[in-house]
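Here is data06.cif, consisting of mmCIF, C-alpha atoms:
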data_structure
#
loop_
_atom_site.label_atom_id
_atom_site.label_comp_id
_atom_site.auth_asym_id
_atom_site.auth_seq_id
_atom_site.Cartn_x
_atom_site.Cartn_y
_atom_site.Cartn_z
CA MET A 217 -44.79 -41.63 -62.60
CA LYS A 218 -47.88 -39.61 -61.71
CA ARG A 219 -49.05 -42.20 -59.20
CA LEU A 220 -45.83 -42.56 -57.23
CA ILE A 221 -44.50 -39.00 -57.16
CA PRO A 222 -47.06 -37.73 -54.55
CA PHE A 223 -45.92 -40.44 -52.16
CA LEU A 224 -42.29 -39.64 -52.72
CA LEU A 225 -42.71 -36.13 -51.39
CA VAL A 226 -48.32 -65.03 -24.88
CA LEU A 227 -47.70 -67.60 -22.85
CA LEU A 228 -49.62 -70.57 -24.28
CA GLY A 229 -49.52 -74.05 -22.73
CA ILE A 230 -49.82 -77.02 -25.12
CA ALA A 231 -49.68 -80.67 -24.11
CA PRO A 232 -50.37 -83.70 -26.32
CA LEU A 233 -53.31 -85.92 -25.37
CA SER A 234 -51.90 -88.78 -27.37
CA SER A 235 -49.05 -89.05 -29.79
CA THR A 236 -49.11 -91.23 -32.88
CA PRO A 237 -46.35 -90.15 -35.28
CA ARG A 238 -47.90 -89.70 -38.69
CA GLN A 239 -47.18 -87.55 -41.70
CA GLY A 240 -49.88 -85.54 -43.44
CA GLN A 241 -51.57 -87.65 -46.08
CA ILE A 242 -52.36 -84.86 -48.50
CA LYS A 243 -49.74 -83.58 -50.91
CA ALA A 244 -50.46 -79.91 -51.51
CA GLY A 245 -48.08 -77.17 -52.48
CA THR A 246 -48.82 -73.49 -52.45
CA ASN A 247 -50.83 -73.55 -55.69
CA VAL A 248 -54.25 -72.06 -55.11
CA GLY A 249 -56.82 -74.37 -56.62
CA ALA A 250 -55.33 -77.58 -55.26
CA GLN A 251 -58.06 -80.03 -54.31
CA GLU A 252 -59.93 -79.15 -51.13
CA VAL A 253 -60.44 -81.63 -48.32
CA ARG A 254 -63.81 -82.02 -46.64
CA LEU A 255 -63.70 -81.40 -42.91
CA ALA A 256 -66.46 -81.53 -40.30
CA LEU A 257 -66.19 -79.29 -37.26
CA PRO A 258 -68.91 -79.94 -34.65
CA THR A 259 -69.18 -77.29 -31.95
CA PHE A 260 -66.86 -77.46 -28.96
CA GLU A 261 -69.03 -77.17 -25.86
CA SER A 262 -68.10 -75.91 -22.41
CA LYS A 263 -68.39 -78.44 -19.61
CA SER A 264 -68.60 -75.50 -17.23
CA ALA A 265 -71.77 -73.45 -16.85
CA ASP A 266 -69.75 -70.35 -16.00
CA PRO A 267 -71.11 -67.59 -18.31
CA ASN A 268 -67.66 -66.32 -19.25
CA ALA A 269 -66.44 -69.84 -20.01
CA VAL A 270 -69.48 -70.41 -22.23
CA ARG A 271 -68.90 -67.11 -24.03
CA LEU A 272 -65.21 -67.75 -24.56
CA THR A 273 -65.88 -71.26 -25.81
CA ALA A 274 -68.24 -69.77 -28.40
CA LEU A 275 -65.47 -67.36 -29.39
CA PHE A 276 -63.04 -70.28 -29.76
CA ASN A 277 -65.51 -72.04 -32.07
CA GLN A 278 -65.99 -68.98 -34.26
CA VAL A 279 -62.27 -68.18 -34.59
CA LEU A 280 -61.34 -71.81 -35.31
CA ARG A 281 -64.07 -72.12 -37.94
CA ASP A 282 -63.07 -68.86 -39.62
CA ASP A 283 -59.37 -69.83 -39.65
CA LEU A 284 -60.01 -73.20 -41.24
CA ASP A 285 -62.52 -71.82 -43.72
CA TYR A 286 -60.00 -69.22 -44.85
CA SER A 287 -57.01 -71.57 -45.08
CA GLY A 288 -57.58 -72.11 -48.80
CA ASN A 289 -57.76 -75.90 -49.07
CA ILE A 290 -60.39 -76.87 -46.51
CA ALA A 291 -64.08 -77.18 -47.36
CA LEU A 292 -66.05 -77.02 -44.12
CA ILE A 293 -69.15 -79.19 -44.22
CA SER A 294 -72.33 -77.42 -43.17
CA PRO A 295 -73.50 -78.38 -39.65
CA SER A 296 -76.97 -78.98 -41.10
CA PHE A 297 -75.65 -82.32 -42.40
CA TYR A 298 -74.16 -83.44 -39.08
CA PRO A 299 -75.61 -86.28 -37.03
CA LEU A 300 -77.40 -85.34 -33.81
CA GLY A 301 -75.58 -85.47 -30.50
CA LYS A 302 -72.59 -84.12 -28.63
CA PHE A 303 -69.11 -84.88 -29.91
CA GLN A 304 -66.58 -84.21 -27.17
CA VAL A 305 -64.59 -87.42 -26.68
CA PRO A 306 -63.65 -90.35 -28.94
CA THR A 307 -66.44 -92.57 -27.60
CA ASP A 308 -68.97 -90.01 -28.90
CA ILE A 309 -67.84 -90.58 -32.49
CA LYS A 310 -69.37 -93.14 -34.84
CA VAL A 311 -67.26 -92.88 -37.97
CA GLU A 312 -70.02 -94.22 -40.22
CA ASP A 313 -72.20 -91.22 -39.26
CA TRP A 314 -69.61 -88.85 -40.63
CA THR A 315 -68.57 -90.74 -43.78
CA LYS A 316 -72.05 -91.56 -45.11
CA PRO A 317 -72.88 -89.84 -48.44
CA SER A 318 -74.98 -87.08 -46.88
CA VAL A 319 -71.97 -85.85 -44.85
CA ASN A 320 -68.99 -87.34 -46.72
CA ALA A 321 -66.35 -85.96 -44.35
CA GLN A 322 -62.73 -86.92 -44.82
CA TYR A 323 -61.56 -85.37 -41.56
CA LEU A 324 -63.21 -84.58 -38.25
CA VAL A 325 -62.22 -82.00 -35.63
CA PHE A 326 -63.92 -82.27 -32.24
CA GLY A 327 -63.41 -81.63 -28.55
CA SER A 328 -64.56 -79.69 -25.52
CA ALA A 329 -63.67 -76.90 -23.12
CA ASP A 330 -63.57 -76.87 -19.34
CA LEU A 331 -62.83 -74.25 -16.70
CA SER A 332 -59.85 -75.25 -14.59
CA GLY A 333 -57.80 -73.13 -12.21
CA GLY A 334 -58.86 -69.83 -13.71
CA THR A 335 -58.07 -70.85 -17.28
CA LEU A 336 -59.93 -72.57 -20.07
CA ARG A 337 -58.63 -75.99 -21.06
CA PHE A 338 -59.51 -77.20 -24.54
CA GLU A 339 -59.20 -80.86 -25.46
CA ALA A 340 -59.01 -80.91 -29.23
CA ARG A 341 -58.60 -83.74 -31.75
CA LEU A 342 -58.21 -84.16 -35.50
CA TRP A 343 -59.22 -87.52 -36.97
CA ASP A 344 -58.59 -89.01 -40.39
CA LEU A 345 -61.88 -90.79 -41.14
CA GLY A 346 -60.44 -92.65 -44.11
CA VAL A 347 -58.30 -95.04 -42.08
CA VAL A 348 -59.10 -97.67 -39.47
CA GLU A 349 -55.96 -97.61 -37.35
CA ASN A 350 -54.03 -94.60 -36.12
CA ARG A 351 -57.03 -92.43 -36.94
CA GLU A 352 -56.02 -89.62 -34.60
CA LEU A 353 -53.71 -87.18 -36.39
CA LEU A 354 -53.73 -84.64 -33.58
CA GLY A 355 -54.70 -84.86 -29.95
CA TYR A 356 -53.89 -81.85 -27.80
CA ARG A 357 -54.81 -80.16 -24.56
CA PHE A 358 -54.59 -76.39 -25.05
CA THR A 359 -54.62 -74.12 -22.01
CA SER A 360 -55.72 -70.57 -22.76
CA GLY A 361 -53.52 -69.05 -20.04
CA ALA A 362 -56.18 -66.50 -19.07
CA LEU A 363 -59.92 -65.98 -19.29
CA THR A 364 -59.61 -63.31 -21.93
CA ASP A 365 -60.66 -62.93 -25.55
CA ASP A 366 -57.06 -62.50 -26.68
CA ALA A 367 -55.89 -65.67 -24.94
CA VAL A 368 -58.73 -67.76 -26.38
CA ARG A 369 -58.29 -66.30 -29.85
CA LEU A 370 -54.60 -67.27 -29.74
CA THR A 371 -55.54 -70.77 -28.61
CA ALA A 372 -57.91 -71.16 -31.58
CA HIS A 373 -55.33 -69.73 -34.00
CA THR A 374 -52.71 -72.14 -32.69
CA PHE A 375 -54.93 -75.20 -33.14
CA ALA A 376 -55.96 -74.05 -36.62
CA ASP A 377 -52.31 -73.76 -37.63
CA GLN A 378 -51.63 -77.24 -36.21
CA ILE A 379 -54.45 -78.66 -38.34
CA VAL A 380 -53.23 -76.98 -41.54
CA ASP A 381 -49.68 -78.15 -40.86
CA LYS A 382 -50.79 -81.74 -40.33
CA LEU A 383 -53.20 -81.99 -43.25
CA PHE A 384 -50.97 -80.38 -45.82
CA GLY A 385 -47.63 -81.94 -45.04
CA GLY A 386 -45.78 -79.09 -43.37
CA ARG A 387 -47.51 -76.09 -44.98
CA ILE A 388 -47.66 -73.86 -41.92
CA GLY A 389 -50.92 -72.01 -41.25
CA ILE A 390 -51.14 -68.22 -41.19
CA ALA A 391 -53.60 -67.77 -38.31
CA ARG A 392 -50.91 -66.29 -36.05
CA THR A 393 -49.46 -63.91 -38.63
CA ARG A 394 -50.06 -60.17 -38.56
CA ILE A 395 -50.63 -57.31 -40.95
CA ALA A 396 -49.12 -53.83 -40.72
CA TYR A 397 -50.99 -50.98 -42.38
CA VAL A 398 -51.32 -47.20 -42.46
CA SER A 399 -54.12 -45.62 -40.44
CA VAL A 400 -55.09 -42.15 -41.70
CA SER A 401 -56.58 -39.43 -39.50
CA SER A 402 -56.24 -35.68 -38.94
CA ASN A 403 -55.29 -33.43 -36.05
CA ASN A 404 -57.07 -30.37 -34.63
CA ILE A 405 -55.92 -28.15 -37.49
CA LYS A 406 -56.93 -30.72 -40.09
CA GLU A 407 -53.40 -31.80 -40.99
CA THR A 408 -53.21 -35.37 -42.23
CA ILE A 409 -51.78 -37.87 -39.74
CA LYS A 410 -50.63 -41.31 -40.88
CA GLU A 411 -49.48 -43.91 -38.37
CA ILE A 412 -48.37 -47.54 -38.77
CA ASN A 413 -50.78 -49.96 -37.07
CA VAL A 414 -50.43 -53.71 -36.59
CA MET A 415 -53.35 -56.17 -36.39
CA ASP A 416 -53.95 -59.91 -36.39
CA TYR A 417 -54.34 -61.48 -39.82
CA ASP A 418 -58.13 -61.50 -39.41
CA GLY A 419 -58.39 -57.83 -38.43
CA ALA A 420 -58.57 -58.31 -34.66
CA ASN A 421 -56.37 -56.64 -32.03
CA SER A 422 -55.34 -53.61 -34.04
CA ALA A 423 -52.85 -51.39 -32.18
CA PRO A 424 -50.56 -48.52 -33.18
CA LEU A 425 -46.90 -49.21 -33.82
CA THR A 426 -45.97 -45.56 -34.40
CA THR A 427 -47.44 -42.61 -32.47
CA TYR A 428 -45.48 -39.77 -34.06
CA ARG A 429 -48.53 -37.61 -34.90
CA SER A 430 -46.86 -37.11 -38.26
CA ILE A 431 -46.78 -39.22 -41.44
CA SER A 432 -45.46 -42.81 -41.39
CA ILE A 433 -46.07 -44.95 -44.46
CA MET A 434 -44.88 -47.97 -46.46
CA PRO A 435 -44.41 -50.60 -43.71
CA ALA A 436 -42.22 -53.61 -44.53
CA TRP A 437 -41.80 -56.60 -42.18
CA SER A 438 -38.45 -58.19 -41.45
CA PRO A 439 -38.39 -61.95 -42.19
CA ASP A 440 -38.33 -62.75 -38.45
CA SER A 441 -41.44 -60.55 -37.92
CA ASP A 442 -39.66 -58.73 -35.10
CA LYS A 443 -39.09 -55.45 -36.95
CA VAL A 444 -40.89 -53.13 -39.35
CA ALA A 445 -39.12 -50.73 -41.69
CA PHE A 446 -41.12 -47.73 -42.88
CA ILE A 447 -40.86 -44.18 -44.21
CA SER A 448 -41.30 -41.40 -41.64
CA PHE A 449 -41.88 -37.69 -42.25
CA ARG A 450 -41.31 -36.65 -38.64
CA SER A 451 -37.97 -35.05 -39.61
CA LYS A 452 -39.77 -33.19 -42.42
CA THR A 453 -37.70 -34.97 -45.09
CA PRO A 454 -38.99 -38.55 -45.51
CA GLN A 455 -36.46 -40.96 -44.01
CA LEU A 456 -36.24 -44.72 -43.60
CA GLU A 457 -36.80 -45.86 -40.02
CA ILE A 458 -36.94 -49.26 -38.35
CA MET A 459 -38.89 -50.13 -35.24
CA SER A 460 -38.99 -53.23 -33.05
CA VAL A 461 -42.47 -54.72 -32.99
CA LEU A 462 -41.70 -56.42 -29.69
CA ASP A 463 -41.29 -53.24 -27.63
CA ARG A 464 -41.86 -50.35 -30.12
CA ARG A 465 -38.21 -49.34 -29.75
CA PRO A 466 -36.70 -47.38 -32.67
CA LEU A 467 -33.66 -49.14 -34.14
CA SER A 468 -30.70 -47.31 -35.61
CA PHE A 469 -30.73 -46.42 -39.30
CA PRO A 470 -28.80 -43.36 -40.53
CA SER A 471 -30.49 -40.32 -42.02
CA MET A 472 -29.61 -39.62 -45.65
CA ALA A 473 -29.58 -36.67 -47.98
CA GLY A 474 -32.67 -36.50 -50.12
CA THR A 475 -35.89 -38.46 -49.71
CA ALA A 476 -36.20 -42.17 -48.88
CA ASN A 477 -38.96 -44.41 -50.20
CA SER A 478 -40.30 -47.99 -50.31
CA PRO A 479 -38.09 -50.20 -48.08
CA ALA A 480 -37.88 -53.96 -48.68
CA TRP A 481 -36.05 -56.64 -46.65
CA SER A 482 -33.88 -59.33 -48.17
CA PRO A 483 -35.09 -62.89 -47.48
CA ASP A 484 -32.46 -63.50 -44.79
CA GLY A 485 -33.11 -60.16 -43.10
CA SER A 486 -29.53 -58.97 -43.43
CA ARG A 487 -30.14 -56.32 -46.13
CA ILE A 488 -32.66 -53.65 -47.01
CA ALA A 489 -33.34 -52.31 -50.50
CA PHE A 490 -34.99 -48.91 -50.83
CA ALA A 491 -35.35 -45.90 -53.11
CA SER A 492 -33.60 -42.62 -52.40
CA SER A 493 -33.29 -39.26 -54.14
CA LYS A 494 -29.84 -38.61 -52.62
CA SER A 495 -28.29 -38.57 -56.11
CA GLY A 496 -30.90 -36.18 -57.50
CA ASN A 497 -33.56 -38.53 -58.89
CA PHE A 498 -34.92 -41.67 -57.28
CA GLU A 499 -32.57 -44.63 -57.61
CA LEU A 500 -32.49 -47.96 -55.81
CA TYR A 501 -29.98 -48.67 -53.06
CA ALA A 502 -29.24 -51.62 -50.80
CA SER A 503 -27.51 -51.67 -47.44
CA ASP A 504 -27.12 -53.81 -44.36
CA TRP A 505 -30.32 -53.61 -42.32
CA ASN A 506 -28.68 -51.04 -40.02
CA GLY A 507 -27.71 -48.78 -42.93
CA LYS A 508 -24.05 -49.80 -43.25
CA ASN A 509 -22.35 -50.89 -46.50
CA MET A 510 -24.77 -48.92 -48.65
CA GLN A 511 -24.56 -49.44 -52.40
CA GLN A 512 -26.40 -47.81 -55.30
CA ILE A 513 -27.83 -50.58 -57.48
CA THR A 514 -29.56 -48.64 -60.29
CA VAL A 515 -28.15 -45.81 -62.37
CA SER A 516 -30.88 -44.18 -64.46
CA PRO A 517 -30.38 -40.39 -64.38
CA LYS A 518 -33.44 -39.69 -66.52
CA SER A 519 -35.93 -41.99 -64.79
CA ILE A 520 -37.37 -42.82 -61.39
CA GLU A 521 -36.78 -46.23 -59.81
CA VAL A 522 -38.84 -47.25 -56.75
CA SER A 523 -40.71 -50.11 -55.00
CA PRO A 524 -38.14 -52.92 -54.85
CA SER A 525 -39.17 -56.44 -53.78
CA TRP A 526 -36.69 -59.30 -53.37
CA ASN A 527 -37.24 -62.79 -54.71
CA PRO A 528 -37.81 -64.51 -51.33
CA LYS A 529 -36.91 -67.91 -52.73
CA THR A 530 -33.41 -67.06 -53.92
CA GLY A 531 -32.57 -63.55 -52.70
CA GLN A 532 -30.75 -63.09 -56.00
CA SER A 533 -33.27 -60.96 -57.90
CA ILE A 534 -35.31 -57.80 -57.31
CA VAL A 535 -38.49 -56.66 -59.02
CA PHE A 536 -39.03 -52.90 -59.08
CA VAL A 537 -40.95 -50.06 -60.72
CA SER A 538 -39.34 -47.74 -63.27
CA ASP A 539 -40.63 -45.11 -65.68
CA ARG A 540 -37.63 -45.50 -68.00
CA SER A 541 -40.06 -46.52 -70.77
CA GLY A 542 -42.21 -43.43 -70.26
CA THR A 543 -44.80 -44.94 -67.92
CA GLN A 544 -44.26 -46.86 -64.70
CA GLN A 545 -43.67 -50.52 -65.46
CA LEU A 546 -42.27 -53.58 -63.69
CA TYR A 547 -38.68 -54.71 -64.21
CA ILE A 548 -36.59 -57.52 -62.76
CA MET A 549 -32.85 -57.28 -62.22
CA ASN A 550 -30.13 -59.13 -60.37
CA ALA A 551 -29.79 -58.04 -56.75
CA ASP A 552 -26.63 -56.11 -57.66
CA GLY A 553 -28.52 -54.09 -60.29
CA THR A 554 -27.29 -55.92 -63.39
CA ASN A 555 -29.41 -57.29 -66.25
CA PRO A 556 -32.66 -55.31 -65.81
CA GLU A 557 -35.52 -56.72 -67.87
CA ARG A 558 -39.05 -55.38 -68.31
CA ILE A 559 -41.69 -57.99 -67.50
CA ILE A 560 -44.96 -56.13 -68.21
CA ASP A 561 -45.29 -55.29 -71.89
CA GLU A 562 -48.96 -54.40 -72.21
CA GLY A 563 -48.71 -50.71 -71.27
CA GLY A 564 -50.73 -48.90 -68.65
CA ASP A 565 -49.24 -48.07 -65.26
CA ALA A 566 -47.98 -50.87 -63.00
CA GLU A 567 -46.96 -50.33 -59.38
CA TYR A 568 -46.21 -51.85 -55.96
CA PRO A 569 -44.97 -55.34 -56.88
CA SER A 570 -44.72 -58.07 -54.23
CA TRP A 571 -42.92 -61.35 -54.93
CA SER A 572 -44.63 -64.61 -53.91
CA PRO A 573 -42.87 -66.79 -51.29
CA ASP A 574 -42.20 -69.54 -53.86
CA GLY A 575 -40.58 -67.08 -56.29
CA GLN A 576 -42.96 -68.02 -59.11
CA ASN A 577 -45.41 -65.09 -59.17
CA ILE A 578 -45.53 -61.35 -58.65
CA VAL A 579 -48.66 -59.60 -57.45
CA PHE A 580 -49.01 -55.93 -58.35
CA SER A 581 -51.47 -53.11 -58.89
CA TRP A 582 -52.11 -52.15 -62.50
CA LEU A 583 -54.00 -49.46 -64.34
CA ARG A 584 -54.12 -51.63 -67.42
CA ASN A 585 -56.44 -49.41 -69.42
CA LYS A 586 -56.18 -45.71 -68.64
CA THR A 587 -59.68 -45.05 -69.98
CA ASP A 588 -61.02 -47.27 -67.19
CA GLY A 589 -59.31 -45.16 -64.52
CA HIS A 590 -59.07 -47.94 -61.90
CA TYR A 591 -56.09 -49.77 -60.50
CA ASN A 592 -56.71 -53.47 -59.88
CA VAL A 593 -54.72 -56.34 -58.43
CA TYR A 594 -53.06 -58.72 -60.88
CA ILE A 595 -50.72 -61.71 -60.60
CA HIS A 596 -47.88 -62.10 -63.09
CA ASP A 597 -46.74 -65.69 -63.67
CA LEU A 598 -43.00 -65.54 -64.32
CA VAL A 599 -42.92 -68.83 -66.23
CA SER A 600 -45.80 -68.28 -68.62
CA GLY A 601 -45.78 -64.48 -68.63
CA ARG A 602 -49.54 -64.55 -68.07
CA ASN A 603 -51.24 -61.79 -66.09
CA THR A 604 -54.34 -62.76 -64.11
CA GLN A 605 -56.76 -60.11 -62.88
CA LEU A 606 -58.01 -60.67 -59.31
CA THR A 607 -60.11 -57.56 -58.58
CA GLY A 608 -62.56 -55.66 -60.77
CA ALA A 609 -62.70 -58.36 -63.43
CA THR A 610 -66.50 -58.60 -63.46
CA GLN A 611 -67.61 -55.35 -61.82
CA ASP A 612 -66.31 -51.94 -60.78
CA GLN A 613 -64.64 -52.34 -57.38
CA GLY A 614 -62.96 -48.95 -57.16
CA GLN A 615 -59.21 -48.61 -56.69
CA ASN A 616 -57.37 -51.74 -55.49
CA GLU A 617 -53.79 -51.10 -54.48
CA ARG A 618 -50.66 -52.05 -52.50
CA PRO A 619 -51.04 -55.87 -52.64
CA SER A 620 -48.80 -57.99 -50.41
CA TRP A 621 -48.44 -61.78 -50.15
CA SER A 622 -49.15 -63.85 -47.08
CA PRO A 623 -46.20 -66.04 -46.02
CA ASP A 624 -47.97 -69.21 -47.20
CA GLY A 625 -48.36 -67.78 -50.71
CA ARG A 626 -52.08 -68.52 -50.73
CA HIS A 627 -53.50 -65.16 -49.66
CA ILE A 628 -53.10 -61.50 -50.58
CA VAL A 629 -53.76 -58.36 -48.55
CA PHE A 630 -54.56 -55.11 -50.34
CA ALA A 631 -56.25 -51.73 -49.91
CA SER A 632 -59.47 -50.86 -51.71
CA ASN A 633 -61.93 -47.95 -51.68
CA ARG A 634 -64.78 -50.10 -53.05
CA THR A 635 -67.04 -48.96 -50.18
CA GLY A 636 -66.22 -45.29 -50.75
CA VAL A 637 -63.23 -45.02 -48.42
CA SER A 638 -59.95 -46.96 -48.43
CA GLN A 639 -59.95 -50.05 -46.18
CA ILE A 640 -57.81 -53.18 -45.83
CA TYR A 641 -58.96 -56.45 -47.41
CA THR A 642 -57.59 -59.95 -47.86
CA MET A 643 -58.45 -62.63 -50.42
CA LEU A 644 -57.25 -65.97 -51.62
CA ALA A 645 -54.67 -65.73 -54.39
CA ASN A 646 -57.35 -66.75 -56.90
CA GLY A 647 -59.44 -63.68 -55.98
CA GLN A 648 -62.01 -65.61 -53.92
CA LYS A 649 -63.10 -65.26 -50.27
CA VAL A 650 -62.57 -61.52 -50.01
CA ARG A 651 -62.55 -60.32 -46.39
CA GLN A 652 -62.77 -56.73 -45.19
CA LEU A 653 -60.47 -56.33 -42.15
CA THR A 654 -60.77 -52.64 -41.24
CA ARG A 655 -63.92 -50.54 -41.08
CA ASN A 656 -63.17 -47.41 -39.08
CA GLY A 657 -61.59 -44.30 -40.57
CA ARG A 658 -59.34 -44.61 -43.61
CA ASN A 659 -56.68 -47.29 -43.94
CA GLU A 660 -54.15 -48.08 -46.65
CA GLY A 661 -50.73 -49.51 -47.52
CA PRO A 662 -50.85 -53.02 -45.93
CA ALA A 663 -47.98 -55.48 -45.56
CA TRP A 664 -48.24 -59.11 -44.37
CA SER A 665 -45.78 -60.46 -41.79
CA ALA A 666 -43.86 -63.71 -41.93
CA PHE A 667 -45.17 -66.71 -39.99
CA GLY A 668 -46.26 -66.13 -36.41
CA LYS A 669 -44.22 -67.33 -33.49
#
Translate the structure of the given file into structure tokens.
Amino acid sequence: MKRLIPFLLVLLGIAPLSSTPRQGQIKAGTNVGAQEVRLALPTFESKSADPNAVRLTALFNQVLRDDLDYSGNIALISPSFYPLGKFQVPTDIKVEDWTKPSVNAQYLVFGSADLSGGTLRFEARLWDLGVVENRELLGYRFTSGALTDDAVRLTAHTFADQIVDKLFGGRIGIARTRIAYVSVSSNNIKETIKEINVMDYDGANSAPLTTYRSISIMPAWSPDSDKVAFISFRSKTPQLEIMSVLDRRPLSFPSMAGTANSPAWSPDGSRIAFASSKSGNFELYASDWNGKNMQQITVSPKSIEVSPSWNPKTGQSIVFVSDRSGTQQLYIMNADGTNPERIIDEGGDAEYPSWSPDGQNIVFSWLRNKTDGHYNVYIHDLVSGRNTQLTGATQDQGQNERPSWSPDGRHIVFASNRTGVSQIYTMLANGQKVRQLTRNGRNEGPAWSAFGK
């Protein structure tokens, strides 16, 4: 357990423009690699010449485009193939211009922005170009609420999520989700400071959750995204703490003898699993989320058990890390600790498992070959037993660690030092479309929230 032991010590107004009840026409589950749909997204233009309105409309365009491009099943058609003109209202659209072979769009998103009463009003539409009647899948008027970047970004995120939901039959978009992570700095006497920060899923609006000027690590989101559990060193001995994300208010969780480590919420938010050294070595425990009704769920006096992750589909199983075989490997057991079974049989050192929302896959970091010296992100398919390498498969990308699933099961967040210092990245669950989210200082240990509210 050489790797783990060091760590052990807004108001948004939305009104429909028109309403034609219609279900999404595309059947797509959470499998990455499902067929992409071709979508055209001509620029929303501001009807107002106000410089701030023009700037914020450009921001809306960029955020909406990025959200859709990163959704995982949408292929955005290059604007170089678009017909000439402005495309703000339905009468501006000639369907044949968008479905001809040079464009070949299946769906079209268009609209405009206007300054009204101190807010930006976006009229936004999604059309299905493959039908003649009831072509409009979405028609909304979004009011930004304020002439600010944050308000407009939220408006774009909201519309992007509406589009994903409509196109893919109820698969909710992730544009309003957030990511917690550990920001590393030092104080005046060069002591290491680690605080929990929270940012939007695309890296914007980062803000501290903890300000203890101590060490806070291993954030874990509650299923309602209202709370974050983490490990705090502010009492010298690492303890499990919980904080409300809504108002940064600490929530009650009792201190324990020994050292706490790696909290994980049950799918319904009623329980927390974690590691503790209260019995001498690290074992796994589970309790109510407020620390009551605590139970020890592993008994392995000669090994270390850490990093639990619940099966979010059933809540009946937990994957965890144990060195009972000599090196740290992944095991699955029933939630009460019975029937442990090793699932990685190829050696090396495996760590930090995270269970996919559909219960079918586990993402983890693995030093598969110790002569290589690098941890990379892998996905373990529980049905086939196959392990798929997502980072470092074709070139050296440094250390890639602490992977965590997005709530739609199509994206993964992780930490990597591929640029020389640890930063937070996301990628699709097939390893494509890697995005760097943080760039300042050193950042590590990310965790993805549940769906935004």
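With only C-alpha atoms as the basis for measurement, A:Leu653 is the residue among A:Ala265, A:Leu653, A:Ile390, A:Ala489 that approaches A:Val414 most closely.
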Checklist line | Given the PyMOL selection byres ((chain A and resi 535-540) around 7), the residues it picks as JSON, numbers by chain | finding: {"A": [217, 519, 520, 521, 522, 523, 524, 525, 526, 533, 534, 541, 542, 543, 544, 545, 546, 547, 548, 549, 567, 569]}
Those residues you just picked out, can you put them in a file as a PDB file, in the frame of the given file with C-alpha atoms?
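Written out: part.pdb:
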ATOM      1  CA  MET A 217     -44.790 -41.630 -62.600  1.00  0.00           C
ATOM      2  CA  SER A 519     -35.930 -41.990 -64.790  1.00  0.00           C
ATOM      3  CA  ILE A 520     -37.370 -42.820 -61.390  1.00  0.00           C
ATOM      4  CA  GLU A 521     -36.780 -46.230 -59.810  1.00  0.00           C
ATOM      5  CA  VAL A 522     -38.840 -47.250 -56.750  1.00  0.00           C
ATOM      6  CA  SER A 523     -40.710 -50.110 -55.000  1.00  0.00           C
ATOM      7  CA  PRO A 524     -38.140 -52.920 -54.850  1.00  0.00           C
ATOM      8  CA  SER A 525     -39.170 -56.440 -53.780  1.00  0.00           C
ATOM      9  CA  TRP A 526     -36.690 -59.300 -53.370  1.00  0.00           C
ATOM     10  CA  SER A 533     -33.270 -60.960 -57.900  1.00  0.00           C
ATOM     11  CA  ILE A 534     -35.310 -57.800 -57.310  1.00  0.00           C
ATOM     12  CA  SER A 541     -40.060 -46.520 -70.770  1.00  0.00           C
ATOM     13  CA  GLY A 542     -42.210 -43.430 -70.260  1.00  0.00           C
ATOM     14  CA  THR A 543     -44.800 -44.940 -67.920  1.00  0.00           C
ATOM     15  CA  GLN A 544     -44.260 -46.860 -64.700  1.00  0.00           C
ATOM     16  CA  GLN A 545     -43.670 -50.520 -65.460  1.00  0.00           C
ATOM     17  CA  LEU A 546     -42.270 -53.580 -63.690  1.00  0.00           C
ATOM     18  CA  TYR A 547     -38.680 -54.710 -64.210  1.00  0.00           C
ATOM     19  CA  ILE A 548     -36.590 -57.520 -62.760  1.00  0.00           C
ATOM     20  CA  MET A 549     -32.850 -57.280 -62.220  1.00  0.00           C
ATOM     21  CA  GLU A 567     -46.960 -50.330 -59.380  1.00  0.00           C
ATOM     22  CA  PRO A 569     -44.970 -55.340 -56.880  1.00  0.00           C
TER      23      PRO A 569
END
Contacts of stretch 429-510 of chain A with stretch 609-618 of chain A up to 12 Å, shortest pair per row, all atoms listed in the file, as CSV:
residue,atom,partner,partner_atom,distance
A:Ile433,CA,A:Arg618,CA,11.7
A:Met434,CA,A:Arg618,CA,9.3
A:Pro435,CA,A:Arg618,CA,10.9
A:Ala436,CA,A:Arg618,CA,11.7
A:Ser478,CA,A:Arg618,CA,11.3
Next item on the list: Find the distance between atom CA of A:Ile309 and atom CA of A:Arg369 and write it in Å to one decimal.
Entry: 26.2 Å
Checklist line | A:Leu583 environment, 8 Å, all atoms listed in the file, sequence neighbours closer than 6 positions dropped, as number ranges by chain | finding: A: 564-566, 589-592
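With only C-alpha atoms taken into account, the protein and nucleic acid residues at most 9 Å from A:Ser287 (excluding it and anything under 5 positions from it in its own chain) are A:Asp282, A:Ala376, A:Val380, A:Gly389, A:Ile390, A:Ala391, A:Arg626, A:His627, A:Leu644.
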